[in-house]
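Following: one structure in structure tokens, then a few remarks.
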Protein chains: 2
Amino acid sequence: MVFGNMGEDCATGVAFTRDPSTGENLFYGEYLVNAQGEDVVAGIRTPQHLTVQGKVAQNSDAPAMEETMPEVFQQLDAVRAKLESHYRDMQDIEFTVQRGKLFMLQTRNGKRTAKAALKIAVDMVRDGVIDKKEAVARIVPSSLDQLLHPTLDPKAVRKVIAKGLPASPGAASGKIVFTADDAEKQAYAGEKVILVRRETSPEDIHGMHAAQGILTSTGGMTSHAAVVARGMGRPCVAGAGDVRIDAAKGTLSVRGTVVNAGEQITLDGTTGEIMLGVVPTVQPELSGDFAELMTWADELRTMRVRTNAETPMDAAQARKFGAEGIGLCRTEHMFFEDGRLVAMRQMILSDDEKSRRAALAKIEPMQRQDFIDLFEIMAGLPVTIRLLDPPLHEFLPKTHAEMEQVATDLGVAVTEVDARAHKLHEFNPMLGHRGVRLGISYPEIYEMQARAIFEAVVEVQKKHGVTVIPEVMIPLVATRKEFDLMKVVIDQVAAEVGQLSGQKLEYLVGTMIELPRAALRAADIAESAEFFSFGTNDLTQTTFGLSRDDSASFLEKYQQRGILEHDPFATLDIEGVGELIEIACTRGRKTRPDIKLGICGEHGGDPASVFFCHKVGLDYVSCSPYRVPIARLAAAQAALGGLLKTE
Amino acid sequence: MVFGNMGEDCATGVAFTRDPSTGENLFYGEYLVNAQGEDVVAGIRTPQHLTVQGKVAQNSDAPAMEETMPEVFQQLDAVRAKLESHYRDMQDIEFTVQRGKLFMLQTRNGKRTAKAALKIAVDMVRDGVIDKKEAVARIVPSSLDQLLHPTLDPKAVRKVIAKGLPASPGAASGKIVFTADDAEKQAYAGEKVILVRRETSPEDIHGMHAAQGILTSTGGMTSHAAVVARGMGRPCVAGAGDVRIDAAKGTLSVRGTVVNAGEQITLDGTTGEIMLGVVPTVQPELSGDFAELMTWADELRTMRVRTNAETPMDAAQARKFGAEGIGLCRTEHMFFEDGRLVAMRQMILSDDEKSRRAALAKIEPMQRQDFIDLFEIMAGLPVTIRLLDPPLHEFLPKTHAEMEQVATDLGVAVTEVDARAHKLHEFNPMLGHRGVRLGISYPEIYEMQARAIFEAVVEVQKKHGVTVIPEVMIPLVATRKEFDLMKVVIDQVAAEVGQLSGQKLEYLVGTMIELPRAALRAADIAESAEFFSFGTNDLTQTTFGLSRDDSASFLEKYQQRGILEHDPFATLDIEGVGELIEIACTRGRKTRPDIKLGICGEHGGDPASVFFCHKVGLDYVSCSPYRVPIARLAAAQAALGGLLKTE
């Protein structure tokens, strides 16, 4: 037993060998003269800084150990260097000085922020303490999320009024608006807005894009708002149950506190906090250490990392984050935009193929331009385009007022709109008339999309002289025959466009594997399909018989009771869904050894799932733009055989 | 070349060696004097009967061949006997008589009605022409459906006004009613009624039971109406798109023809025809040849045949049809009955466990009586009871008027009912908060059901001295842990009831395998589960990602285009769903070699699916009462290695 409380030549203290907050190579710690360890912890006396530098930085008057016990401090500083070089990592140490003699009580790897972890790892490589592999292996991939988004200034005052789920990281402030249209209008006028909704739906996409952040009062971590916001990189607080939204009145209230439309709030999507007013934020730093570590990761990984994106903004953002192509372009998101929705609805209300084709003809030039934009941004990188997937009723209005508007827009009776909506209604839309089933029923839709794709290829190839090889993806295939019937349509269009343009068109036609049956029939499907992309969102839904939109109410209890270790929509269920993926890989390769394999579900950005994808030998993972760096790092660690636990 | 048209000593004719309509061992045929074969077919001249018996039976004046050409007829009759003894089956023959000399042109096995097939097979066994195995192998199992239901008198005049899908076989007449309540009320008053609905839902069950037949204007062969009607053995015509139903006005109309509430219609569920007025029917004959053949089938088969039943009426009917137990008792059907629904809703509206238990306490005695009735009817045969499965919102009212009624019934504000309904609403109820997920959220529900089961066992064992071994089935399991948590609840209740009663309770606890994940994890689940019952309806839905309620709109096109050979909800998809079943059987047996395996989806009554079940070694199939004989015959043929094609 040593005593730090035997007089003024005694002391006790705790220290980090580097700053655990910034990672700077500065000795960082506190000590108390004539005290035992518990006195530091108890907080009765205010500890003093170890170093003069620390004292100055914190505007402290109390003398530093470096000043009061310079000899002991020198010893401690030498121990610091020795420990770091021995353990090759930043240490969290405890010491006691008894009658002028230094005793070390404990040392362990120190906890640190993501920023610090990054800086420490990179610095240690520069100093030759560790190699690049070890640096890459040390960073917890998911911690990067803290670095990619604006964060709240830690020094700023926060007036928290409520808390929801931390659905999409980052911080944002703005005036509250209650409709997507208002969000778009005010953003166009230069305002920063926060979109506040009970829940969001595909029709809110333009408003979510226009907003700085999104707040919902219902829904979980995998609700529409949460998933879309993460994809867009918009901060989102979801399922804030205490928040009462009265969109008609234009108010948001939390137990007596009322915020009116136009007043400012701040969201912290990393903690789920909702604050009054504007809280200052700090912008992320993506160059320097971050960029360097990511380069090392890229050298190590064997899997490619693509992004799920359909807007030019997302695609460009993803490229900045290092995406090597698009793994999933959800074309249906393109149909919700202004001007297109009217034509889409006209198509849905059509009674025959001819009228459908007339409506589709209006959409085609816009679709073509969408693809031109994406091909230009991706500049020759692979782009996987998924043909129309959701059931048609998702495009129809829900309320009577909206139906009247649509009837007026299209010059038809409101009863007709209502009747069609009624006819298209489904009990389980997730398992309904969607994906390739739409293509089988209305081949003209997929034909139009294929034409838009190939015409865009022709235009971009002509303009930029780059070869564009689109990957056309057919969703929700359960049988090979479905795939074959649609491939005929696509090949036919490609041949036509190729002949008209005089260009040779290269392309792949493949399918999502998102139904258990498709996984089981993979050998057969791979006879025709040139690539598989695992749609693990839907594959999880069908394998578990679990609706992503409806499971929030009980999944939490499932985790509490130990039934599920993780939310299976966030981290791949390796025992169940994973086995189907393995089966599909094995069987697919049996028929087509060089079949291209990827994943495009949310899991593509989840480190544990990325590890699994590496293990089964996928060629790439695809994820939301803001998760691309995480996937790159996770893929590198997977190639190294795992993450080194440093904490 | 022989000529039957060279004079009055020439003739031509066709004949069946037995009556193809009844199967009676009577020579049955027609001939024309001085004619060629095409003259018989062309129908220009009216052919005469071969036999005097035939002539008399048909009140014909024209002389029989037996009279006009007695010698030739004797030769023909001898040939008839020779052909039958050679081919050992009823023959369809063609002959020509040229100048008094008989020439046989052709012989082949003759087409026949189900009734005739049965009689011929049984007669031939009696006559020693074929053995019992061959008799059993010759009957097309699905053809039995024609024999099990009342059928329209073939001689009666039919005034067909529309046609729908032949959703559940049999014929029925009655006054039309438009609500389940009206059906019940009028049936109680002794009226025969036909329930006419746009579509049916679980709340219509009591009306469907009360009705003679069911007619819907939407929905396919696997709609709620169709499935439930088949289960009940009620004739049903579903998806009659031409029928306009105006329940408010109380009219049903088809292109100008209007039928008012209270007027009579007749349905033929075997053809899908809807007729005006009452068309006379013929009752089925289940004894005699039918009973004899079924006994032979029972001797041959190795699989047991159980029934899906929850009402005493269905259970009793199924036993008449030879069911050897209940493979699926859907307890939720018991909650829709009078008196119970109120308590059920009270439970759903409860805010805490205590109130839920209070409401469940009201249901328990009724549940117990349900089980007592079933155990008594089944008299020691196994009874598998599935604990509550559907999402709770299925029990809540849908319209505002109904909600007000419920609010009044329960003494709560209508806003509260509305709020709860809103909270429970699901986007994909099939994949929602149902099955074991309810048991995890509200263990008190399963606890009440387990108590009702074991108390019923105690009572029946005491009263009848028979041992009742209930099989308690947990639905929608995806992980072993879910099962384990619920098994603890069931075991606990069993121990309590056993101790209180002083009886030793034997029971099994098992699970439905109805999710792909459960099939994959079968080895693990079988560590705890004592039996598996394949819920192939849901397993088909999840494996295909296909909603049974929503697929009618495109499944037809899928069959037309050759994507699917059969409706996968009618005939098991062996390549996909079948592989999961095989995987589950293999893995389940690996952990628990004696695990009891059965099937309780609709497929349990489909012959091709029954063949598959035999192949993978299931212990039993379970199906709707009216399909029990079909399953018995199919199981026998499966044991024999297949059906002999006789046509």
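Labels used: A, B, ... for chains in the order of the structure tokens, numbers from 1 for residues in each chain, and numbers from 1 for ligands as shown.
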(request) Check the DSSP output for the backbone and give back, as a VMD selection string, the residues of stretch 220-447 of chain A in strand (DSSP E). (result) chain A and resid 236 to 238 244 to 246 251 to 254 257 to 260 264 to 268 273 to 276 281 to 282 304 to 308 326 to 330 383 to 386
(request) Would you kindly return, as a ChimeraX atom specification, each protein, DNA or RNA residue with an atom no farther than 8 Å from any atom of A:Thr96, considering only C-alpha atoms and excluding same-chain residues fewer than 2 positions away? (result) /A:2-4,10-13,36-37,94,98,102-105
How about saving the chosen residues, all heavy atoms kept, as a compact mmCIF listing (two decimals), in the first residue's frame?
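again.txt written:
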```txt
# COMPACT_ATOMS: atom_id res chain seq x y z
N VAL A 2 0.56 2.13 -0.91
CA VAL A 2 1.27 3.42 -0.88
C VAL A 2 0.29 4.52 -0.52
O VAL A 2 -0.92 4.39 -0.75
CB VAL A 2 1.94 3.75 -2.25
CG1 VAL A 2 3.09 2.79 -2.51
CG2 VAL A 2 0.92 3.75 -3.37
N PHE A 3 0.81 5.58 0.06
CA PHE A 3 -0.04 6.67 0.54
C PHE A 3 0.32 7.98 -0.14
O PHE A 3 1.47 8.38 -0.16
CB PHE A 3 0.08 6.81 2.06
CG PHE A 3 -0.41 5.59 2.79
CD1 PHE A 3 0.46 4.55 3.10
CD2 PHE A 3 -1.77 5.45 3.11
CE1 PHE A 3 0.01 3.41 3.75
CE2 PHE A 3 -2.21 4.31 3.75
CZ PHE A 3 -1.34 3.29 4.08
N GLY A 4 -0.70 8.63 -0.70
CA GLY A 4 -0.48 9.94 -1.31
C GLY A 4 -0.90 11.05 -0.38
O GLY A 4 -0.90 12.22 -0.74
N CYS A 10 3.48 14.46 -1.01
CA CYS A 10 2.70 13.31 -1.53
C CYS A 10 1.63 13.84 -2.47
O CYS A 10 1.22 15.00 -2.41
CB CYS A 10 2.02 12.56 -0.37
SG CYS A 10 3.20 11.90 0.80
N ALA A 11 1.17 12.94 -3.36
CA ALA A 11 0.12 13.33 -4.32
C ALA A 11 -0.46 12.08 -4.94
O ALA A 11 0.07 10.98 -4.81
CB ALA A 11 0.72 14.23 -5.41
N THR A 12 -1.56 12.27 -5.62
CA THR A 12 -2.16 11.17 -6.37
C THR A 12 -2.78 11.75 -7.62
O THR A 12 -3.12 12.95 -7.65
CB THR A 12 -3.21 10.43 -5.51
OG1 THR A 12 -3.56 9.23 -6.17
CG2 THR A 12 -4.47 11.26 -5.32
N GLY A 13 -2.90 10.94 -8.67
CA GLY A 13 -3.45 11.50 -9.90
C GLY A 13 -3.83 10.45 -10.93
O GLY A 13 -3.54 9.25 -10.79
N GLN A 36 -5.57 10.82 -1.52
CA GLN A 36 -5.63 9.46 -2.04
C GLN A 36 -6.51 9.47 -3.30
O GLN A 36 -7.27 10.42 -3.55
CB GLN A 36 -6.25 8.51 -1.00
CG GLN A 36 -5.27 8.00 0.06
CD GLN A 36 -4.14 7.14 -0.50
OE1 GLN A 36 -3.24 7.66 -1.18
NE2 GLN A 36 -4.14 5.86 -0.17
N GLY A 37 -6.43 8.38 -4.07
CA GLY A 37 -7.15 8.28 -5.34
C GLY A 37 -8.62 8.65 -5.24
O GLY A 37 -9.16 9.37 -6.07
N GLU A 94 -3.01 5.53 -13.54
CA GLU A 94 -3.21 6.08 -12.20
C GLU A 94 -1.88 5.98 -11.45
O GLU A 94 -1.17 4.99 -11.59
CB GLU A 94 -4.28 5.28 -11.44
CG GLU A 94 -5.67 5.49 -12.02
CD GLU A 94 -6.72 4.67 -11.28
OE1 GLU A 94 -6.52 4.36 -10.08
OE2 GLU A 94 -7.74 4.35 -11.92
N GLN A 98 4.43 9.08 -3.04
CA GLN A 98 4.54 8.98 -1.58
C GLN A 98 5.92 9.50 -1.18
O GLN A 98 6.95 8.96 -1.58
CB GLN A 98 4.38 7.52 -1.13
CG GLN A 98 4.45 7.34 0.38
CD GLN A 98 4.25 5.88 0.80
OE1 GLN A 98 3.37 5.20 0.30
NE2 GLN A 98 5.08 5.42 1.72
N LEU A 102 7.56 8.18 -6.93
CA LEU A 102 6.44 7.88 -7.83
C LEU A 102 6.12 6.39 -7.82
O LEU A 102 7.00 5.55 -8.00
CB LEU A 102 6.81 8.31 -9.26
CG LEU A 102 5.79 7.98 -10.35
CD1 LEU A 102 4.49 8.77 -10.16
CD2 LEU A 102 6.39 8.26 -11.72
N PHE A 103 4.87 6.08 -7.59
CA PHE A 103 4.39 4.70 -7.71
C PHE A 103 3.30 4.65 -8.79
O PHE A 103 2.35 5.43 -8.74
CB PHE A 103 3.80 4.20 -6.39
CG PHE A 103 4.82 4.03 -5.31
CD1 PHE A 103 5.14 5.10 -4.44
CD2 PHE A 103 5.48 2.80 -5.14
CE1 PHE A 103 6.09 4.94 -3.45
CE2 PHE A 103 6.43 2.66 -4.13
CZ PHE A 103 6.74 3.72 -3.29
N MET A 104 3.42 3.74 -9.75
CA MET A 104 2.37 3.57 -10.76
C MET A 104 1.37 2.55 -10.22
O MET A 104 1.76 1.47 -9.78
CB MET A 104 2.96 3.05 -12.08
CG MET A 104 3.99 3.97 -12.72
SD MET A 104 3.39 5.66 -12.96
CE MET A 104 2.02 5.40 -14.05
N LEU A 105 0.08 2.90 -10.24
CA LEU A 105 -0.94 2.01 -9.69
C LEU A 105 -1.60 1.14 -10.76
O LEU A 105 -1.93 -0.01 -10.52
CB LEU A 105 -2.02 2.82 -8.97
CG LEU A 105 -1.54 3.76 -7.88
CD1 LEU A 105 -2.74 4.44 -7.20
CD2 LEU A 105 -0.71 3.02 -6.83
```
(message) Quick one: residues within 10 Å of B:Lys504, only C-alpha atoms, excluding same-chain residues fewer than 6 positions away - as a ChimeraX atom specification?
(response) /B:458,467,494-495,497-498
Wanna dump the chain B-chain A contacts at 6 Å for me, each residue with its shortest atom pair and the distance in Å to one decimal, counting only C-alpha atoms, ordered by chain and number, as JSON lines?
```
{"residue": "B:Glu426", "atom": "CA", "partner": "A:Asp550", "partner_atom": "CA", "distance": 5.8}
{"residue": "B:Asn428", "atom": "CA", "partner": "A:Asn428", "partner_atom": "CA", "distance": 4.4}
{"residue": "B:Leu431", "atom": "CA", "partner": "A:Leu546", "partner_atom": "CA", "distance": 4.5}
{"residue": "B:Gly432", "atom": "CA", "partner": "A:Asp550", "partner_atom": "CA", "distance": 5.6}
{"residue": "B:Lys481", "atom": "CA", "partner": "A:Ile563", "partner_atom": "CA", "distance": 5.5}
{"residue": "B:Pro516", "atom": "CA", "partner": "A:Thr543", "partner_atom": "CA", "distance": 5.0}
{"residue": "B:Arg517", "atom": "CA", "partner": "A:Thr543", "partner_atom": "CA", "distance": 5.2}
{"residue": "B:Thr542", "atom": "CA", "partner": "A:Thr542", "partner_atom": "CA", "distance": 4.9}
{"residue": "B:Thr543", "atom": "CA", "partner": "A:Pro516", "partner_atom": "CA", "distance": 5.0}
{"residue": "B:Phe544", "atom": "CA", "partner": "A:Arg517", "partner_atom": "CA", "distance": 5.7}
{"residue": "B:Gly545", "atom": "CA", "partner": "A:Leu431", "partner_atom": "CA", "distance": 4.9}
{"residue": "B:Leu546", "atom": "CA", "partner": "A:Leu431", "partner_atom": "CA", "distance": 4.5}
{"residue": "B:Ser547", "atom": "CA", "partner": "A:Leu431", "partner_atom": "CA", "distance": 4.8}
{"residue": "B:Asp550", "atom": "CA", "partner": "A:Gly432", "partner_atom": "CA", "distance": 5.6}
{"residue": "B:Ile563", "atom": "CA", "partner": "A:Lys481", "partner_atom": "CA", "distance": 5.5}
{"residue": "B:Gly576", "atom": "CA", "partner": "A:Arg517", "partner_atom": "CA", "distance": 5.3}
```
I need the chosen residues saved as a tab-separated table (two decimals), in the first residue's frame, with all heavy atoms.
```
chain	number	residue	atom	x	y	z
B	426	GLU	N	-51.56	-1.75	-38.70
B	426	GLU	CA	-50.29	-2.24	-39.26
B	426	GLU	C	-50.30	-2.12	-40.78
B	426	GLU	O	-51.33	-2.31	-41.41
B	426	GLU	CB	-50.06	-3.70	-38.85
B	426	GLU	CG	-49.84	-3.86	-37.36
B	426	GLU	CD	-49.51	-5.28	-36.94
B	426	GLU	OE1	-50.22	-6.20	-37.39
B	426	GLU	OE2	-48.57	-5.47	-36.17
B	428	ASN	N	-48.45	-4.09	-42.73
B	428	ASN	CA	-48.42	-5.47	-43.24
B	428	ASN	C	-48.76	-6.43	-42.10
B	428	ASN	O	-47.87	-7.02	-41.50
B	428	ASN	CB	-47.02	-5.79	-43.78
B	428	ASN	CG	-46.67	-4.96	-44.99
B	428	ASN	OD1	-47.23	-5.12	-46.06
B	428	ASN	ND2	-45.74	-4.02	-44.81
B	431	LEU	N	-47.15	-9.70	-41.44
B	431	LEU	CA	-45.78	-9.72	-40.94
B	431	LEU	C	-45.66	-8.93	-39.63
B	431	LEU	O	-44.61	-8.41	-39.31
B	431	LEU	CB	-44.83	-9.12	-41.99
B	431	LEU	CG	-44.91	-9.68	-43.42
B	431	LEU	CD1	-44.03	-8.86	-44.35
B	431	LEU	CD2	-44.49	-11.13	-43.44
B	432	GLY	N	-46.78	-8.80	-38.95
B	432	GLY	CA	-46.81	-7.86	-37.83
B	432	GLY	C	-46.76	-8.49	-36.45
B	432	GLY	O	-46.12	-9.52	-36.22
B	481	LYS	N	-35.55	-19.16	-28.81
B	481	LYS	CA	-35.76	-18.44	-27.56
B	481	LYS	C	-37.23	-18.04	-27.36
B	481	LYS	O	-37.76	-18.10	-26.26
B	481	LYS	CB	-34.86	-17.20	-27.55
B	481	LYS	CG	-34.93	-16.38	-26.31
B	481	LYS	CD	-33.92	-16.79	-25.26
B	481	LYS	CE	-34.13	-16.00	-23.99
B	481	LYS	NZ	-33.10	-16.18	-23.01
B	516	PRO	N	-39.52	-19.02	-43.05
B	516	PRO	CA	-38.28	-19.61	-43.55
B	516	PRO	C	-37.22	-19.73	-42.46
B	516	PRO	O	-36.51	-20.73	-42.38
B	516	PRO	CB	-37.86	-18.62	-44.64
B	516	PRO	CG	-39.14	-18.05	-45.14
B	516	PRO	CD	-40.01	-17.94	-43.91
B	517	ARG	N	-37.15	-18.73	-41.59
B	517	ARG	CA	-36.13	-18.80	-40.55
B	517	ARG	C	-36.34	-19.99	-39.62
B	517	ARG	O	-35.39	-20.62	-39.17
B	517	ARG	CB	-36.10	-17.50	-39.74
B	517	ARG	CG	-34.83	-17.39	-38.91
B	517	ARG	CD	-34.80	-16.13	-38.07
B	517	ARG	NE	-33.45	-15.88	-37.56
B	517	ARG	CZ	-32.91	-16.50	-36.53
B	517	ARG	NH1	-33.60	-17.40	-35.89
B	517	ARG	NH2	-31.68	-16.21	-36.14
B	542	THR	N	-44.39	-16.29	-47.03
B	542	THR	CA	-43.10	-15.69	-46.72
B	542	THR	C	-42.01	-16.15	-47.68
B	542	THR	O	-41.14	-15.37	-48.06
B	542	THR	CB	-42.69	-16.01	-45.26
B	542	THR	OG1	-42.89	-17.40	-45.01
B	542	THR	CG2	-43.53	-15.21	-44.28
B	543	THR	N	-42.05	-17.40	-48.09
B	543	THR	CA	-41.00	-17.90	-49.00
B	543	THR	C	-41.08	-17.20	-50.35
B	543	THR	O	-40.07	-16.85	-50.95
B	543	THR	CB	-41.15	-19.42	-49.17
B	543	THR	OG1	-41.12	-20.03	-47.89
B	543	THR	CG2	-40.03	-19.99	-50.02
B	544	PHE	N	-42.30	-16.97	-50.80
B	544	PHE	CA	-42.52	-16.28	-52.08
B	544	PHE	C	-42.60	-14.76	-51.92
B	544	PHE	O	-42.63	-14.04	-52.91
B	544	PHE	CB	-43.86	-16.72	-52.67
B	544	PHE	CG	-43.78	-17.85	-53.65
B	544	PHE	CD1	-44.02	-19.15	-53.26
B	544	PHE	CD2	-43.47	-17.61	-54.98
B	544	PHE	CE1	-43.97	-20.21	-54.15
B	544	PHE	CE2	-43.42	-18.65	-55.89
B	544	PHE	CZ	-43.67	-19.95	-55.48
B	545	GLY	N	-42.74	-14.29	-50.68
B	545	GLY	CA	-43.02	-12.86	-50.49
B	545	GLY	C	-44.32	-12.48	-51.15
B	545	GLY	O	-44.42	-11.49	-51.87
B	546	LEU	N	-45.32	-13.29	-50.92
B	546	LEU	CA	-46.57	-13.21	-51.67
B	546	LEU	C	-47.76	-13.28	-50.71
B	546	LEU	O	-47.91	-14.26	-49.99
B	546	LEU	CB	-46.60	-14.40	-52.63
B	546	LEU	CG	-47.67	-14.46	-53.70
B	546	LEU	CD1	-47.50	-13.29	-54.66
B	546	LEU	CD2	-47.54	-15.77	-54.47
B	547	SER	N	-48.58	-12.24	-50.72
B	547	SER	CA	-49.74	-12.21	-49.83
B	547	SER	C	-50.89	-12.98	-50.45
B	547	SER	O	-51.29	-12.70	-51.57
B	547	SER	CB	-50.14	-10.76	-49.59
B	547	SER	OG	-51.45	-10.69	-49.06
B	550	ASP	N	-53.69	-10.78	-51.52
B	550	ASP	CA	-53.47	-9.74	-52.53
B	550	ASP	C	-53.00	-10.29	-53.87
B	550	ASP	O	-52.77	-9.53	-54.79
B	550	ASP	CB	-52.42	-8.74	-52.02
B	550	ASP	CG	-52.85	-8.07	-50.73
B	550	ASP	OD1	-54.00	-7.61	-50.67
B	550	ASP	OD2	-52.06	-8.02	-49.79
B	563	ILE	N	-45.42	-18.99	-65.56
B	563	ILE	CA	-44.44	-18.72	-64.50
B	563	ILE	C	-44.66	-19.70	-63.35
B	563	ILE	O	-43.71	-20.20	-62.77
B	563	ILE	CB	-44.57	-17.25	-64.02
B	563	ILE	CG1	-44.29	-16.30	-65.17
B	563	ILE	CG2	-43.63	-16.99	-62.84
B	563	ILE	CD1	-44.66	-14.86	-64.89
B	576	GLY	N	-39.45	-24.69	-53.88
B	576	GLY	CA	-39.06	-23.64	-52.94
B	576	GLY	C	-39.51	-23.97	-51.52
B	576	GLY	O	-38.72	-24.33	-50.66
```
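Proximity to A:Ile274 was assessed for A:Ala247, A:Phe73, A:Ile161, A:Asp204 counting only C-alpha atoms; the smallest distance is recorded for A:Ile161.
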(message) Can you tell me which residues surround B:Gly327 at a distance of at most 12 Å, considering only C-alpha atoms, apart from same-chain residues fewer than 4 positions away, and format the answer as a count of residues only?
(response) 45
(request) Extract, using only C-alpha atoms, all DNA, RNA and protein residues at most 8 Å from stretch 17-27 of chain A, discarding same-chain residues fewer than 2 positions from it, and format them as number ranges by chain. (result) A: 15, 29, 50-51, 77, 80-81, 84, 90-93, 110-113, 115-120
(request) Would you please work out which residue, of A:Ile453, A:Leu286, A:Val228, A:Ala137, is nearest to A:Ala638 when using only C-alpha atoms? (result) A:Ala137
(request) Output as number ranges by chain all residues of stretch 186-418 of chain A that backbone DSSP marks as helix (DSSP H, G or I). (result) A: 186-188, 202-210, 224-232, 288-300, 312-320, 331-336, 340-349, 353-378, 392-395, 400-410, 414-418
(request) Find the spatial neighbours of stretch 357-374 of chain A, counting only C-alpha atoms, within a cut-off of 8 Å - ignore same-chain residues fewer than 6 positions away - and output them as a list in words. (result) Glu310, Thr311, Pro312, Ala315, Met334, Arg340, Ala343, Met344, Gln346, Met347, Glu444, Ile445, Met448, Gln449, Arg451, Ala452, Ile453, Glu455, Ala456, Val457, Glu459 and Val460 of chain A
May I have the selected residues written with N, CA and C atoms, as a short mmCIF file (atom, residue, chain, number, x, y, z; two decimals), in the first residue's frame?
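The result, written out as part29.cif:
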```
data_model
loop_
_atom_site.label_atom_id
_atom_site.label_comp_id
_atom_site.auth_asym_id
_atom_site.auth_seq_id
_atom_site.Cartn_x
_atom_site.Cartn_y
_atom_site.Cartn_z
N GLU A 310 -29.98 7.80 -55.73
CA GLU A 310 -30.71 8.06 -56.96
C GLU A 310 -30.72 9.54 -57.32
N THR A 311 -30.38 10.41 -56.38
CA THR A 311 -30.32 11.83 -56.73
C THR A 311 -28.87 12.20 -57.00
N PRO A 312 -28.68 13.19 -57.88
CA PRO A 312 -27.31 13.66 -58.16
C PRO A 312 -26.62 14.10 -56.87
N ALA A 315 -25.51 11.06 -54.98
CA ALA A 315 -24.45 10.36 -55.73
C ALA A 315 -23.13 11.12 -55.59
N MET A 334 -37.63 8.46 -58.19
CA MET A 334 -37.62 9.46 -59.24
C MET A 334 -39.04 9.81 -59.71
N ARG A 340 -43.65 14.54 -62.49
CA ARG A 340 -43.67 13.12 -62.83
C ARG A 340 -44.83 12.39 -62.17
N ALA A 343 -47.93 12.35 -64.23
CA ALA A 343 -47.88 11.38 -65.33
C ALA A 343 -47.98 9.96 -64.80
N MET A 344 -47.32 9.72 -63.67
CA MET A 344 -47.36 8.39 -63.06
C MET A 344 -48.79 8.02 -62.71
N GLN A 346 -51.44 9.26 -63.99
CA GLN A 346 -52.19 9.10 -65.24
C GLN A 346 -52.01 7.67 -65.74
N MET A 347 -50.78 7.18 -65.65
CA MET A 347 -50.52 5.81 -66.08
C MET A 347 -51.32 4.81 -65.24
N GLU A 444 -44.67 -2.68 -70.29
CA GLU A 444 -44.36 -1.37 -70.87
C GLU A 444 -43.66 -0.45 -69.87
N ILE A 445 -43.88 -0.70 -68.58
CA ILE A 445 -43.19 0.14 -67.58
C ILE A 445 -41.69 -0.17 -67.61
N MET A 448 -40.06 1.09 -70.79
CA MET A 448 -39.76 2.52 -70.76
C MET A 448 -38.49 2.78 -69.95
N GLN A 449 -38.38 2.10 -68.79
CA GLN A 449 -37.21 2.34 -67.96
C GLN A 449 -35.93 1.86 -68.65
N ARG A 451 -35.45 1.70 -71.81
CA ARG A 451 -35.15 2.65 -72.89
C ARG A 451 -34.44 3.89 -72.33
N ALA A 452 -34.99 4.39 -71.22
CA ALA A 452 -34.37 5.57 -70.61
C ALA A 452 -32.92 5.28 -70.22
N ILE A 453 -32.69 4.09 -69.69
CA ILE A 453 -31.32 3.72 -69.28
C ILE A 453 -30.39 3.69 -70.49
N GLU A 455 -30.74 4.87 -73.57
CA GLU A 455 -30.57 6.15 -74.25
C GLU A 455 -29.64 7.07 -73.47
N ALA A 456 -29.72 6.96 -72.15
CA ALA A 456 -28.81 7.76 -71.32
C ALA A 456 -27.37 7.29 -71.52
N VAL A 457 -27.19 5.97 -71.59
CA VAL A 457 -25.85 5.41 -71.83
C VAL A 457 -25.29 5.98 -73.14
N GLU A 459 -26.07 8.66 -74.75
CA GLU A 459 -25.78 10.09 -74.69
C GLU A 459 -24.48 10.36 -73.92
N VAL A 460 -24.33 9.71 -72.79
CA VAL A 460 -23.14 9.95 -71.97
C VAL A 460 -21.88 9.42 -72.68
#
```
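From atom CA of A:His206 back to atom CA of A:Ile326, the distance works out to 20.9 Å.
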